[in-house]
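First comes the structure, then the notes that go with it.
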Amino acid sequence: MSNDSQGSVKGEAAMMPSPSASASSQGPPLSPSTTSKPPELPDELVQAGWSKCWSRRENRPYYFNRFTNQSLWEVPVLGQHDVISDPLGLNAAPAEGGDSNLDNGQRKRRSSEEQGAGPNSVKRVKVEPTTPISPSTPGVKPWNSAPEDKQATPATPTTPSPTPAPYRPAVIYWDLDVQTNAVIREQPPANHLPPHPEIELQRAQLVTKLRQHYHELCHQREGIDPPRESFNRWLLERKVIDKGHDPLLPSDCDPVISPSMFREVMNDIPIRLSRIKYKEEARKLLFKYAEAAKKMIDSRNASPESRKVVKWNAEDTMSWLRRDHSASKEDYMDRLEHLRQQCGPHVTAVAKDSVEGICSKIYQLSAEYSRRLRHTHLSLMQDPPTEACASPQQSRLVYCYPVRLALPSPPLPRVELHFENDMACLRFRGEMVKVNRGHFSKLELLYRYSCIDDPRFEKFLSRVWCLLKRYQVMFGSGANEGTGLQGALPVSVFEALIRQFGVSFECFASPLNCYFKQFCSAFPDIDGFFGSRGPFLSFCPVSGSFEANPPFCEELMDAMVTHFEELLDKSSEPLSFIVFVPEWRDPVTPALTRMEGSRFLRHQLSVPAYEHEYRSGSQHICKRDEMYYRAVHGTAVLFLQNDAGFVKWAPTPERVAELMAAYRPSPSRPSSMSSPGPAHTTPGDRDSTPKPADRTQSAVMSPAGHDDNNNNNSSSSSSSSPRDKMAAV
């Protein structure tokens, strides 16, 4: 409900005598004054809290619910409006002549019979009872949480009703009834600024502008397109070390030059190398590289020695291409590798300053945009935050709970909602975001379970719009861009983790792709209203069983391993982390190497490529037949546990076998086999081996919820082979 409508409704309610008003002011509902006993209500309505009462003012019966304080003139109907599955009543049948578009908290009201007003009478506007709400029986799920891809059984109405039942998802990809076993030390409220649609809209515009600056800088300075997904991975890598205030834009990082962005841009200089299949493609690629390297060394301020080496090798390669027409694809690839080894260090030396300038410029613009956003955000706050000293760590142990904000939320503007087929469309100032109705119902449930400052759902639509806009901006606008940041394990795997290892918490998720109602995510300021416990690197559990499927950013995975080992080393309570990461072996990632050598590693298994699936990162908007895709790389599953965790959740052969069985794709379920990414390596397929550049380019379709700091920025591209730069097409 918008703030304007909230005030008007409250003002009218003070003057409008209605059954609910009289019932609340005079205590319990009045019994009928007639001598004849009214017909009894069905047992289902009585159990739901309904009773038949008498209105003295209207001289007619009405129906009162002692659970929800709802009052109705008509006989209530079970299933017409369920506060558990549909708190806003968005899916209830509209009244005759009513508008199907609802604003925040608006309710459809039907006026009672007209009353004539005399000259001396006070005009009273009468409001009829709201749409009936039938509370669900305690302990019963709003809809049946069916296993993976099982159709939920439709609810059988207990009483005939012409109105449609609330929207119930055909397939459910979550189980919000699983209670957490994660124990933490009590935390004070967070000092994040509450989300606001005006600020979120401005942030979206600034991030889009920053992406455009990045594109232009790469074109102007190096003549290349920005590496695909490199901006998204820059955001992830920066937020690992960022100490600034903005939830998305980096503003306080050290070092200023991003190793991730530097490495990815440098890998595409002088040209971007793509994975090839045929001999003619290899011949053209070799010629283009030699030509681009020679042209680059001529146009830059290079030393005489560098000019001499690059020119000689480039001309020698072109002469060999003109002379030898019988070479195989492997011959061309070997020649390309030799050319890169000879020219790579010199090309890197002349391009280093320019690429560092790109990274520095993008960071400076981001910091400026962050300061501008914070200034505007503070101006919208009714009570601007004051600098407060850090509160001491609490010693009381509690089960984990969602992030709470210390600052109250300001009045939020109205967000419009309407439905188009199976999509819920939310619009603010002409900017529309969409989510399918199943996930919209999921957000309603998460909000009901987690939000404590908005019991009437007056700010629900505004916060959902902010949530969807935030993730839309983080993903980017390209086709399938950013979906790898939101990929998730299949439901069957989650069910096996719950049964066998007591898992009840996701370390990297979001309100859109989470399976449990307790999870860690990237944006505590908005995700906290939907169950988030904050970023995982700031989350310090004492005990519990956790699933970790991080975004495939090497800096983030490395920081994750450090956090794991610190938590496991400090706690003597049962603590377990089951980690799912890509099995990149050529070369191996530092995070995987560290976990394999950790003293907390209890077991490790590998799931082969193309033999398991993941759920799409765009699951909240994609079609059902696009929900799954086969993994094009192997997945390593590692069990990191302290001694108490190993005793309680030991990865025994029986438990591991059930987990592997749950990973097998369902033959009846459609899945995409065309996801871009590093292909499974087979003997003799030399140029298809996934290398560091393959990993960065393919992370877009890799499963994740949310590259190496030890590598030298300058030498990482110069010492690698051309296959190190092969990117997924």
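Note on naming: chains are A, B, ... as they come in the structure tokens, residues start from 1 per chain, ligands start from 1 in the order shown.
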
(request) Go through range 431-599 of chain A and collect every residue that DSSP, computed from the backbone, puts in alpha helix (DSSP H); the answer should be as an MDAnalysis selection string. (result) chainID A and resid 437:450 460:475 491:501 524:527 554:570 590:596

(request) Fewer than 3 positions away in the same chain doesn't count, so skip those; otherwise give me all residues within 12 Å of Glu237 in chain A, counting only C-alpha atoms, as a PyMOL selection string. (result) chain A and resi 230-234+240-242+248-250+253-262+551-559+706-709

So that I have them on file, write out the residues from the current selection with N, CA and C atoms, as a short mmCIF file (atom, residue, chain, number, x, y, z; two decimals), in the first residue's frame.
```
data_model
loop_
_atom_site.label_atom_id
_atom_site.label_comp_id
_atom_site.auth_asym_id
_atom_site.auth_seq_id
_atom_site.Cartn_x
_atom_site.Cartn_y
_atom_site.Cartn_z
N SER A 230 33.36 -9.93 -17.96
CA SER A 230 34.48 -9.42 -17.16
C SER A 230 34.03 -8.33 -16.20
N PHE A 231 33.04 -7.52 -16.59
CA PHE A 231 32.55 -6.48 -15.68
C PHE A 231 31.85 -7.12 -14.48
N ASN A 232 31.07 -8.17 -14.71
CA ASN A 232 30.40 -8.85 -13.59
C ASN A 232 31.41 -9.47 -12.64
N ARG A 233 32.46 -10.08 -13.19
CA ARG A 233 33.48 -10.67 -12.32
C ARG A 233 34.29 -9.59 -11.61
N TRP A 234 34.42 -8.42 -12.24
CA TRP A 234 35.07 -7.30 -11.56
C TRP A 234 34.26 -6.88 -10.34
N VAL A 240 34.88 -8.44 -2.66
CA VAL A 240 35.58 -9.27 -1.68
C VAL A 240 36.42 -8.40 -0.75
N ILE A 241 36.98 -7.32 -1.28
CA ILE A 241 37.87 -6.46 -0.49
C ILE A 241 37.30 -5.07 -0.25
N ASP A 242 36.13 -4.77 -0.81
CA ASP A 242 35.58 -3.42 -0.72
C ASP A 242 35.10 -3.11 0.70
N LEU A 248 26.57 -2.33 -4.17
CA LEU A 248 26.93 -2.87 -5.48
C LEU A 248 28.18 -2.23 -6.05
N LEU A 249 28.31 -0.92 -5.99
CA LEU A 249 29.42 -0.22 -6.62
C LEU A 249 30.63 -0.18 -5.69
N PRO A 250 31.80 -0.67 -6.11
CA PRO A 250 33.00 -0.60 -5.28
C PRO A 250 33.45 0.85 -5.09
N CYS A 253 38.63 0.21 -2.17
CA CYS A 253 39.36 -1.04 -2.41
C CYS A 253 40.86 -0.78 -2.45
N ASP A 254 41.61 -1.76 -2.01
CA ASP A 254 43.06 -1.72 -2.07
C ASP A 254 43.55 -3.11 -2.47
N PRO A 255 44.16 -3.24 -3.66
CA PRO A 255 44.65 -2.22 -4.57
C PRO A 255 43.55 -1.67 -5.48
N VAL A 256 43.86 -0.52 -6.07
CA VAL A 256 42.90 0.11 -6.98
C VAL A 256 42.79 -0.67 -8.28
N ILE A 257 43.92 -1.19 -8.77
CA ILE A 257 43.93 -1.96 -10.02
C ILE A 257 43.40 -3.36 -9.74
N SER A 258 42.33 -3.72 -10.41
CA SER A 258 41.73 -5.03 -10.20
C SER A 258 42.54 -6.11 -10.92
N PRO A 259 43.05 -7.12 -10.21
CA PRO A 259 43.76 -8.21 -10.90
C PRO A 259 42.87 -8.96 -11.88
N SER A 260 41.61 -9.10 -11.55
CA SER A 260 40.69 -9.84 -12.43
C SER A 260 40.47 -9.10 -13.75
N MET A 261 40.14 -7.81 -13.67
CA MET A 261 39.90 -7.06 -14.90
C MET A 261 41.18 -6.91 -15.71
N PHE A 262 42.31 -6.66 -15.05
CA PHE A 262 43.58 -6.52 -15.77
C PHE A 262 43.90 -7.80 -16.54
N PRO A 551 29.92 -18.41 -6.59
CA PRO A 551 30.16 -17.94 -7.96
C PRO A 551 31.60 -18.25 -8.37
N PHE A 552 31.79 -18.55 -9.63
CA PHE A 552 33.09 -19.02 -10.06
C PHE A 552 34.02 -17.85 -10.35
N CYS A 553 34.32 -17.12 -9.31
CA CYS A 553 35.32 -16.05 -9.34
C CYS A 553 36.46 -16.51 -8.44
N GLU A 554 37.67 -16.59 -8.98
CA GLU A 554 38.76 -17.22 -8.24
C GLU A 554 39.13 -16.46 -6.98
N GLU A 555 39.06 -15.12 -7.01
CA GLU A 555 39.36 -14.36 -5.80
C GLU A 555 38.33 -14.65 -4.70
N LEU A 556 37.07 -14.74 -5.09
CA LEU A 556 36.03 -15.03 -4.11
C LEU A 556 36.17 -16.44 -3.55
N MET A 557 36.47 -17.41 -4.40
CA MET A 557 36.63 -18.78 -3.92
C MET A 557 37.83 -18.89 -2.98
N ASP A 558 38.90 -18.15 -3.27
CA ASP A 558 40.07 -18.18 -2.41
C ASP A 558 39.75 -17.59 -1.04
N ALA A 559 39.01 -16.45 -1.02
CA ALA A 559 38.60 -15.87 0.26
C ALA A 559 37.65 -16.79 1.02
N HIS A 706 26.84 -16.74 -5.69
CA HIS A 706 27.56 -15.54 -5.92
C HIS A 706 28.63 -15.91 -6.37
N ASP A 707 42.10 -13.57 -11.26
CA ASP A 707 41.67 -14.80 -10.86
C ASP A 707 42.69 -15.20 -9.93
N ASP A 708 43.34 -15.14 -9.70
CA ASP A 708 44.24 -15.61 -8.65
C ASP A 708 45.12 -14.46 -8.19
N ASN A 709 45.12 -14.20 -6.86
CA ASN A 709 45.88 -13.07 -6.33
C ASN A 709 47.38 -13.31 -6.37
#
```

(request) With a distance cut-off of 8 Å and only C-alpha atoms, select the neighbouring residues of range 526-531 of chain A, excluding the residue or stretch itself and same-chain residues fewer than 2 positions from it, and output the selection as a list in words. (result) Pro194, Pro195, Tyr401, Pro402, Val403, Arg404, Leu443, Leu446, Tyr447, Tyr449, Ser450, Cys451, Arg463, Cys466, Leu467, Ser510, Pro511, Lys517, Gln518, Phe519, Ser521, Ala522, Phe523, Pro524, Arg533 and Gly534 of chain A

Using N, CA, C and O atoms, can you export the residues from the last selection as an mmCIF file, in the first residue's frame?
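Result written to again-v9.cif:
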```
data_model
loop_
_atom_site.group_PDB
_atom_site.id
_atom_site.type_symbol
_atom_site.label_atom_id
_atom_site.label_comp_id
_atom_site.auth_asym_id
_atom_site.auth_seq_id
_atom_site.Cartn_x
_atom_site.Cartn_y
_atom_site.Cartn_z
ATOM 1 N N PRO A 194 18.300 1.710 4.378
ATOM 2 C CA PRO A 194 17.176 0.912 3.861
ATOM 3 C C PRO A 194 16.984 1.133 2.367
ATOM 4 O O PRO A 194 17.231 2.225 1.846
ATOM 5 N N PRO A 195 16.553 0.118 1.645
ATOM 6 C CA PRO A 195 16.373 0.262 0.194
ATOM 7 C C PRO A 195 15.231 1.208 -0.134
ATOM 8 O O PRO A 195 14.266 1.346 0.628
ATOM 9 N N TYR A 401 19.407 -15.780 12.211
ATOM 10 C CA TYR A 401 18.194 -15.041 11.878
ATOM 11 C C TYR A 401 18.528 -14.025 10.791
ATOM 12 O O TYR A 401 19.705 -13.677 10.585
ATOM 13 N N PRO A 402 17.520 -13.528 10.074
ATOM 14 C CA PRO A 402 17.808 -12.603 8.962
ATOM 15 C C PRO A 402 18.440 -11.303 9.438
ATOM 16 O O PRO A 402 18.333 -10.915 10.606
ATOM 17 N N VAL A 403 19.093 -10.632 8.516
ATOM 18 C CA VAL A 403 19.720 -9.346 8.800
ATOM 19 C C VAL A 403 18.646 -8.338 9.198
ATOM 20 O O VAL A 403 17.603 -8.226 8.553
ATOM 21 N N ARG A 404 18.884 -7.605 10.269
ATOM 22 C CA ARG A 404 18.004 -6.530 10.701
ATOM 23 C C ARG A 404 18.714 -5.196 10.507
ATOM 24 O O ARG A 404 19.914 -5.079 10.770
ATOM 25 N N LEU A 443 8.593 -15.267 -2.916
ATOM 26 C CA LEU A 443 9.027 -14.034 -2.260
ATOM 27 C C LEU A 443 8.022 -13.592 -1.198
ATOM 28 O O LEU A 443 8.411 -13.049 -0.163
ATOM 29 N N LEU A 446 8.832 -15.798 1.834
ATOM 30 C CA LEU A 446 10.076 -15.385 2.475
ATOM 31 C C LEU A 446 9.893 -14.070 3.231
ATOM 32 O O LEU A 446 10.425 -13.885 4.338
ATOM 33 N N TYR A 447 9.153 -13.153 2.627
ATOM 34 C CA TYR A 447 8.905 -11.855 3.274
ATOM 35 C C TYR A 447 8.092 -12.053 4.554
ATOM 36 O O TYR A 447 8.367 -11.418 5.575
ATOM 37 N N TYR A 449 8.012 -14.716 6.459
ATOM 38 C CA TYR A 449 8.822 -15.374 7.470
ATOM 39 C C TYR A 449 9.903 -14.458 8.051
ATOM 40 O O TYR A 449 10.291 -14.623 9.209
ATOM 41 N N SER A 450 10.404 -13.519 7.256
ATOM 42 C CA SER A 450 11.639 -12.808 7.626
ATOM 43 C C SER A 450 11.442 -11.352 7.997
ATOM 44 O O SER A 450 12.226 -10.821 8.793
ATOM 45 N N CYS A 451 10.461 -10.671 7.421
ATOM 46 C CA CYS A 451 10.317 -9.225 7.643
ATOM 47 C C CYS A 451 9.547 -8.977 8.941
ATOM 48 O O CYS A 451 8.496 -9.589 9.182
ATOM 49 N N ARG A 463 9.768 -3.220 -2.106
ATOM 50 C CA ARG A 463 10.995 -3.959 -1.815
ATOM 51 C C ARG A 463 11.239 -5.065 -2.833
ATOM 52 O O ARG A 463 12.397 -5.359 -3.167
ATOM 53 N N CYS A 466 12.787 -3.348 -5.792
ATOM 54 C CA CYS A 466 14.204 -3.057 -5.527
ATOM 55 C C CYS A 466 15.043 -4.321 -5.648
ATOM 56 O O CYS A 466 16.144 -4.299 -6.217
ATOM 57 N N LEU A 467 14.536 -5.425 -5.110
ATOM 58 C CA LEU A 467 15.272 -6.688 -5.177
ATOM 59 C C LEU A 467 15.493 -7.122 -6.616
ATOM 60 O O LEU A 467 16.623 -7.436 -7.028
ATOM 61 N N SER A 510 20.489 -16.420 -3.128
ATOM 62 C CA SER A 510 19.739 -15.168 -3.180
ATOM 63 C C SER A 510 18.275 -15.516 -2.938
ATOM 64 O O SER A 510 17.895 -16.691 -2.991
ATOM 65 N N PRO A 511 17.431 -14.532 -2.648
ATOM 66 C CA PRO A 511 16.005 -14.848 -2.486
ATOM 67 C C PRO A 511 15.385 -15.475 -3.729
ATOM 68 O O PRO A 511 14.360 -16.144 -3.627
ATOM 69 N N LYS A 517 14.972 -21.246 3.509
ATOM 70 C CA LYS A 517 14.635 -19.869 3.846
ATOM 71 C C LYS A 517 15.759 -19.187 4.618
ATOM 72 O O LYS A 517 15.652 -18.006 4.950
ATOM 73 N N GLN A 518 16.833 -19.908 4.907
ATOM 74 C CA GLN A 518 18.005 -19.323 5.538
ATOM 75 C C GLN A 518 19.197 -19.491 4.589
ATOM 76 O O GLN A 518 19.481 -20.597 4.128
ATOM 77 N N PHE A 519 19.865 -18.389 4.299
ATOM 78 C CA PHE A 519 20.945 -18.401 3.320
ATOM 79 C C PHE A 519 21.757 -17.130 3.465
ATOM 80 O O PHE A 519 21.320 -16.160 4.102
ATOM 81 N N SER A 521 23.759 -14.097 1.172
ATOM 82 C CA SER A 521 23.660 -13.510 -0.164
ATOM 83 C C SER A 521 24.492 -12.238 -0.224
ATOM 84 O O SER A 521 25.070 -11.810 0.774
ATOM 85 N N ALA A 522 24.503 -11.629 -1.400
ATOM 86 C CA ALA A 522 25.414 -10.512 -1.655
ATOM 87 C C ALA A 522 24.914 -9.184 -1.095
ATOM 88 O O ALA A 522 25.720 -8.304 -0.794
ATOM 89 N N PHE A 523 23.594 -9.005 -0.956
ATOM 90 C CA PHE A 523 23.042 -7.688 -0.653
ATOM 91 C C PHE A 523 22.204 -7.730 0.624
ATOM 92 O O PHE A 523 20.987 -7.929 0.567
ATOM 93 N N PRO A 524 22.818 -7.549 1.783
ATOM 94 C CA PRO A 524 22.046 -7.644 3.037
ATOM 95 C C PRO A 524 20.998 -6.556 3.191
ATOM 96 O O PRO A 524 20.001 -6.750 3.884
ATOM 97 N N ARG A 533 21.006 -13.868 5.562
ATOM 98 C CA ARG A 533 21.817 -13.660 6.772
ATOM 99 C C ARG A 533 23.030 -12.782 6.487
ATOM 100 O O ARG A 533 23.911 -12.654 7.327
ATOM 101 N N GLY A 534 23.081 -12.164 5.309
ATOM 102 C CA GLY A 534 24.183 -11.284 4.961
ATOM 103 C C GLY A 534 25.235 -11.994 4.126
ATOM 104 O O GLY A 534 25.114 -13.185 3.814
#
```

(message) When you look at range 178-180 of chain A with a cut-off of 10 Å (counting only C-alpha atoms), what residues show up, excluding the ones that are within fewer than 4 positions of it in the same chain? I need them as a list in words.
(response)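 Near neighbours after the sequence-gap exclusion: Trp174, Tyr399, Cys400, Tyr401, Ile498, Gly502, Val503, Ser504, Phe505, Tyr515, Phe516, Lys517, Gln518, Phe519, Gly544, Ser545 and Phe546 of chain A.
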
What does the file look like for those residues with all heavy atoms, as a compact mmCIF listing (two decimals), in the first residue's frame?
```txt
# COMPACT_ATOMS: atom_id res chain seq x y z
N TRP A 174 11.92 -25.30 -4.08
CA TRP A 174 12.41 -24.88 -2.76
C TRP A 174 11.61 -25.60 -1.69
O TRP A 174 10.55 -26.16 -1.93
CB TRP A 174 12.28 -23.36 -2.61
CG TRP A 174 10.89 -22.86 -2.89
CD1 TRP A 174 9.83 -22.80 -2.03
CD2 TRP A 174 10.42 -22.35 -4.14
NE1 TRP A 174 8.73 -22.29 -2.65
CE2 TRP A 174 9.05 -22.00 -3.95
CE3 TRP A 174 11.00 -22.15 -5.39
CZ2 TRP A 174 8.28 -21.47 -4.98
CZ3 TRP A 174 10.22 -21.63 -6.41
CH2 TRP A 174 8.88 -21.29 -6.20
N TYR A 399 20.08 -19.38 17.21
CA TYR A 399 19.95 -19.84 15.84
C TYR A 399 19.98 -18.62 14.91
O TYR A 399 19.50 -17.55 15.26
CB TYR A 399 18.65 -20.62 15.65
CG TYR A 399 18.69 -22.01 16.24
CD1 TYR A 399 17.96 -22.33 17.37
CD2 TYR A 399 19.47 -23.00 15.66
CE1 TYR A 399 18.01 -23.61 17.92
CE2 TYR A 399 19.53 -24.27 16.19
CZ TYR A 399 18.79 -24.57 17.33
OH TYR A 399 18.84 -25.83 17.86
N CYS A 400 20.56 -18.81 13.74
CA CYS A 400 20.75 -17.68 12.84
C CYS A 400 19.39 -17.07 12.46
O CYS A 400 18.38 -17.76 12.39
CB CYS A 400 21.50 -18.12 11.59
SG CYS A 400 20.61 -19.27 10.53
N TYR A 401 19.41 -15.78 12.21
CA TYR A 401 18.19 -15.04 11.88
C TYR A 401 18.53 -14.02 10.79
O TYR A 401 19.70 -13.68 10.59
CB TYR A 401 17.61 -14.35 13.11
CG TYR A 401 18.60 -13.47 13.85
CD1 TYR A 401 18.75 -12.11 13.52
CD2 TYR A 401 19.40 -13.98 14.86
CE1 TYR A 401 19.65 -11.31 14.18
CE2 TYR A 401 20.31 -13.18 15.54
CZ TYR A 401 20.44 -11.85 15.20
OH TYR A 401 21.34 -11.05 15.85
N ILE A 498 20.00 -32.90 2.75
CA ILE A 498 19.22 -32.77 3.99
C ILE A 498 19.13 -34.12 4.70
O ILE A 498 19.38 -34.22 5.91
CB ILE A 498 17.81 -32.24 3.67
CG1 ILE A 498 17.88 -30.82 3.11
CG2 ILE A 498 16.93 -32.26 4.92
CD1 ILE A 498 16.56 -30.33 2.55
N GLY A 502 22.28 -33.48 7.02
CA GLY A 502 21.66 -32.46 7.87
C GLY A 502 21.85 -31.04 7.39
O GLY A 502 21.78 -30.10 8.19
N VAL A 503 22.07 -30.85 6.08
CA VAL A 503 22.29 -29.50 5.55
C VAL A 503 20.99 -28.70 5.65
O VAL A 503 19.91 -29.19 5.31
CB VAL A 503 22.77 -29.57 4.09
CG1 VAL A 503 22.81 -28.17 3.47
CG2 VAL A 503 24.15 -30.20 4.02
N SER A 504 21.10 -27.47 6.13
CA SER A 504 19.92 -26.60 6.26
C SER A 504 20.22 -25.16 5.89
O SER A 504 19.42 -24.27 6.17
CB SER A 504 19.39 -26.64 7.70
OG SER A 504 20.34 -26.07 8.60
N PHE A 505 21.37 -24.91 5.24
CA PHE A 505 21.80 -23.53 5.02
C PHE A 505 22.64 -23.47 3.75
O PHE A 505 23.47 -24.35 3.50
CB PHE A 505 22.62 -23.05 6.22
CG PHE A 505 22.84 -21.56 6.27
CD1 PHE A 505 22.10 -20.76 7.12
CD2 PHE A 505 23.79 -20.95 5.47
CE1 PHE A 505 22.30 -19.39 7.18
CE2 PHE A 505 23.99 -19.58 5.51
CZ PHE A 505 23.24 -18.80 6.37
N TYR A 515 17.08 -22.47 -1.86
CA TYR A 515 16.25 -23.63 -1.58
C TYR A 515 15.68 -23.56 -0.16
O TYR A 515 14.54 -23.90 0.08
CB TYR A 515 17.06 -24.91 -1.75
CG TYR A 515 16.26 -26.18 -1.53
CD1 TYR A 515 15.46 -26.70 -2.54
CD2 TYR A 515 16.30 -26.86 -0.31
CE1 TYR A 515 14.72 -27.85 -2.35
CE2 TYR A 515 15.56 -28.02 -0.11
CZ TYR A 515 14.77 -28.51 -1.13
OH TYR A 515 14.02 -29.64 -0.93
N PHE A 516 16.51 -23.10 0.79
CA PHE A 516 16.07 -22.93 2.17
C PHE A 516 15.65 -21.48 2.40
O PHE A 516 15.99 -20.59 1.62
CB PHE A 516 17.20 -23.28 3.15
CG PHE A 516 17.78 -24.65 2.94
CD1 PHE A 516 19.07 -24.81 2.44
CD2 PHE A 516 17.06 -25.79 3.24
CE1 PHE A 516 19.61 -26.07 2.24
CE2 PHE A 516 17.60 -27.06 3.05
CZ PHE A 516 18.88 -27.19 2.54
N LYS A 517 14.97 -21.25 3.51
CA LYS A 517 14.64 -19.87 3.85
C LYS A 517 15.76 -19.19 4.62
O LYS A 517 15.65 -18.01 4.95
CB LYS A 517 13.33 -19.81 4.65
CG LYS A 517 13.37 -20.47 6.01
CD LYS A 517 12.04 -20.25 6.73
CE LYS A 517 12.00 -20.91 8.09
NZ LYS A 517 11.87 -22.37 8.02
N GLN A 518 16.83 -19.91 4.91
CA GLN A 518 18.01 -19.32 5.54
C GLN A 518 19.20 -19.49 4.59
O GLN A 518 19.48 -20.60 4.13
CB GLN A 518 18.29 -19.94 6.91
CG GLN A 518 18.30 -21.46 6.96
CD GLN A 518 16.95 -22.07 7.21
OE1 GLN A 518 16.02 -21.39 7.64
NE2 GLN A 518 16.82 -23.37 6.97
N PHE A 519 19.86 -18.39 4.30
CA PHE A 519 20.95 -18.40 3.32
C PHE A 519 21.76 -17.13 3.47
O PHE A 519 21.32 -16.16 4.10
CB PHE A 519 20.38 -18.49 1.90
CG PHE A 519 19.40 -17.40 1.57
CD1 PHE A 519 19.82 -16.20 1.00
CD2 PHE A 519 18.05 -17.55 1.85
CE1 PHE A 519 18.92 -15.19 0.72
CE2 PHE A 519 17.14 -16.54 1.56
CZ PHE A 519 17.58 -15.36 1.00
N GLY A 544 26.67 -26.13 12.75
CA GLY A 544 25.68 -26.30 11.70
C GLY A 544 26.27 -27.02 10.51
O GLY A 544 27.49 -27.24 10.41
N SER A 545 25.38 -27.40 9.58
CA SER A 545 25.78 -28.09 8.36
C SER A 545 25.40 -27.22 7.17
O SER A 545 24.24 -26.82 7.03
CB SER A 545 25.10 -29.46 8.26
OG SER A 545 25.53 -30.17 7.12
N PHE A 546 26.37 -26.93 6.28
CA PHE A 546 26.21 -25.91 5.26
C PHE A 546 26.55 -26.47 3.88
O PHE A 546 27.42 -27.33 3.73
CB PHE A 546 27.11 -24.70 5.56
CG PHE A 546 26.86 -24.06 6.89
CD1 PHE A 546 27.44 -24.56 8.04
CD2 PHE A 546 26.02 -22.96 7.00
CE1 PHE A 546 27.20 -23.98 9.27
CE2 PHE A 546 25.78 -22.37 8.22
CZ PHE A 546 26.36 -22.88 9.36
```

(message) List the spatial neighbours of range 367-384 of chain A as an MDAnalysis selection string - criterion: any atom at most 8 Å away, only C-alpha atoms, same-chain residues fewer than 6 positions off excluded.
(response) chainID A and resid 193 199 202:203 206 245:246 249:252 407 409:410

(message) Please compute the CA of Glu216 in chain A-CA of Val265 in chain A distance, one decimal, in Å.
(response) 13.1 Å

(request) Measure the distance from CA of Met660 in chain A to CA of Leu605 in chain A in Å and round it to one decimal. (result)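 Taking CA of Met660 in chain A as the start and CA of Leu605 in chain A as the end point, the length is 9.0 Å.
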
(request) Would you list, as a ChimeraX atom specification, the residues of range 363-610 of chain A that end up in strand (DSSP E) under DSSP run on this structure's backbone? (result) /A:397-399,416-420,423-428,431-436,505-506,541-548,575-582,601-607

(request) Using CA of Asn301 in chain A and CA of Cys359 in chain A as the two end points, give the distance in Å to one decimal. (result)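 The value is 20.3 Å.
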
(request) Return the single residue from A:Pro197, A:Leu365, A:Phe508, A:Asn65 that is closest to Leu461 in chain A, with distances computed using only C-alpha atoms. (result)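 The answer is A:Pro197, which sits nearest to Leu461 in chain A.
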
(message) When you count only C-alpha atoms, which of these residues is closest to Ala496 in chain A: A:His192, A:His338, A:Arg594, A:Arg655?
(response) A:Arg655

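Minimum distance to Gly357 in chain A across A:Glu58, A:Asn513, A:Phe564, A:Tyr214 (counting only C-alpha atoms) occurs at A:Tyr214.
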